[in-house]
2 protein chains.
Amino acid sequence: MVEQRPDRLTPSHAPPWIRPAVLLTVDLVILTIRAAELHVLLVERGVDPFQGQLALPGGFLDHDGEDIVAAAHRELRQEAGLDASRLHLEQLGTYGAPDRDPRGRVVSVAYLAIAPGLPEPVAGDDAAEAVWTPVEHVLSGRSVLAFDHGLILTDGLERARAKLEHTALATAFCADTFTISELQAVYEAVWSVRLDQRNFYRKVQAVPGFIVPAPSGSRPTAGRPARLFRAGPRTVLHPPLVRPDGAHPLIELGEQ
Amino acid sequence: MVEQRPDRLTPSHAPPWIRPAVLLTVDLVILTIRAAELHVLLVERGVDPFQGQLALPGGFLDHDGEDIVAAAHRELRQEAGLDASRLHLEQLGTYGAPDRDPRGRVVSVAYLAIAPGLPEPVAGDDAAEAVWTPVEHVLSGRSVLAFDHGLILTDGLERARAKLEHTALATAFCADTFTISELQAVYEAVWSVRLDQRNFYRKVQAVPGFIVPAPSGSRPTAGRPARLFRAGPRTVLHPPLVRPDGAHPLIELGEQ
DNA sequence: CGAATAGTGTCTATAAGACATTATACT
DNA sequence: AGTATAATGTCTTATAGACACTATTCG
């Protein structure tokens, strides 16, 4: 347990009768499917700690009374050019190892966001530097993330993988209406497996309230047009869509 | 989004080039089984905000460099008289609504701890005021908790309920060695259901590495002595022990 | 008509749930 | 002997996984 003596950022200058305080940041694991592959939105850091390296989008709380989820919304808009009200957003966890930020004591609350595949990457926005990166690039070590963001991404990934089984999270990867094939592609990308089309159709439609037929017709495609669905009222899946062996973690995450 | 102007606790006195900082607390949801019923450890608050009301054990970070998990360990010892190294402890989530603490901006990182049923309640320790309370008392509204601790407890409960399905968490409620009946009692208490004894035996023993026979013999009991087991090497359960209908949440928790 | 994608049915194997009796130790 | 708890087997039903062909639209 190292007693930090940071030089600039921490408010250790506060009077002694004030309890030790920390700086709070919000970091975002934003996942989407692009070209049938799971991608995460990363930014290239422009300033000093880890300058030039890839990192999760995020930043400090704006003012003393800013709600943490509100800060996540704000960063989503500012750094990713995404509208938080149309995304799935959930808290992932808090990362507060004393030495995780070389500037001093910075505690980060991480959020997991799921975005539908967007027509074009975020560009022209404030989020000039944001780039969709295949998750596989990070997992394989081809891209190394700043701070403990590699760990945060791993945790976010496993969270998403697990929630696909028991919740309707997969629909958050899809546009407002979607086909069953598109939904299957989500499961296949996130779990990195191939699923049997017939069994998938059967199981998905056996879960009451998971997806409901969309009144409108079809969409332009080469081949037989698919029926469209939208997310149903149920967020908890009964029965669950269980991952095949091989898409499971070997140890339980989230300890300590 | 209310701009807070707290009087004493927040470090808004810090110079302007310092970013807004928050005070961090750690709160603990400590669960155990007592008399076949799920209990949570609560403390009666001795100081001003919510004085005299029940609350989760917890407290502020000790010094500027204290690790958050270390603070959870410390509070576990100080407020509950429990040895953190022998417990299951995992992060539950972070609660940071700007108005959750009337003293000002206080963000709390909540932890979920699972303790084996202890021979006697914690007493004589530093934790004079700690009292095991049936979770049902809180859920039914007979006990109302300070701050947003009711919400935190609800989240902790659902976390525990869910993890019983897919992980070996139930063994954390048991002593080092335990019988299958004791393990079943854990599931029944946490899920608030009755399970069939024969099916439970079959399913528990069908999960490789979940529980392994303890070499030692039996224990004093009225009736046929039971075989003893201890937790096996697997923390992830394949196949899972699924909750019966009725022990499931209707909506998914953990949103935002 | 060919290419491309959507949609469907059956069989088999495994798991889940309902159910009652025997076994062992203690008093 | 009686009491209290532990341990076990079978049948039925439901779910999971493997497997290949027909349907519809577009160019």
# chains A, B, ... in the order shown; residues from 1 in each chain; ligands from 1
>>> interface_residues(of="chain B", to="chain D", cutoff="8 Å", atoms="only C-alpha atoms (C1' of nucleotides)", output="list in words")
Arg198, Ala222, Gly223, Arg224, Pro225 and Ala226 of chain B
>>> write_last_selection(atoms="C-alpha atoms", output="JSON list (two decimals), in the first residue's frame")
[["chain", "number", "residue", "atom", "x", "y", "z"],
["B", 198, "ARG", "CA", -33.09, -36.27, -4.48],
["B", 222, "ALA", "CA", -29.21, -36.78, 15.61],
["B", 223, "GLY", "CA", -29.89, -39.19, 12.82],
["B", 224, "ARG", "CA", -27.74, -40.81, 10.23],
["B", 225, "PRO", "CA", -24.41, -39.02, 9.95],
["B", 226, "ALA", "CA", -23.87, -37.19, 6.69]]
>>> interface_residues(of="chain A", to="chain C", cutoff="12 Å", atoms="only C-alpha atoms (C1' of nucleotides)", output="MDAnalysis selection string")
chainID A and resid 179:182 197:202 218 220:228
>>> select_by_dssp(residues="region 4-240 of chain B", states="strand (DSSP E or B)", output="PyMOL selection string")
chain B and resi 21-34+37-44+54-55+58-60+88-95+106-114+130-134+145+167+177-178+211-213+229-231+236
>>> closest_residue(among="B:Leu23, B:Ala206, B:Leu92, B:Val47", to="chain A", atoms="only C-alpha atoms")
B:Leu23
>>> select_by_dssp(residues="region 178-250 of chain B", states="helix (DSSP H, G or I)", output="PyMOL selection string")
chain B and resi 180-191+197-206
>>> residues_around(residues="Arg45 (chain B)", least_positions_apart="3", cutoff="7 Å", atoms="only C-alpha atoms (C1' of nucleotides)", output="JSON, numbers by chain")
{"B": [50, 51, 52, 53, 54, 55]}
>>> residues_around(residues="region 25-33 of chain B", least_positions_apart="4", cutoff="8 Å", atoms="only C-alpha atoms (C1' of nucleotides)", output="PyMOL selection string")
chain B and resi 37-41+56-61+68+71-72+75-76+106-117+152-153+156+173+186+189
>>> closest_residue(among="B:Arg194, B:Lys163, B:Arg219, B:Arg86", to="chain A", atoms="only C-alpha atoms")
B:Lys163
>>> closest_residue(among="A:His137, A:Asp67, A:Leu241, A:Glu44", to="chain B", atoms="only C-alpha atoms")
A:Asp67
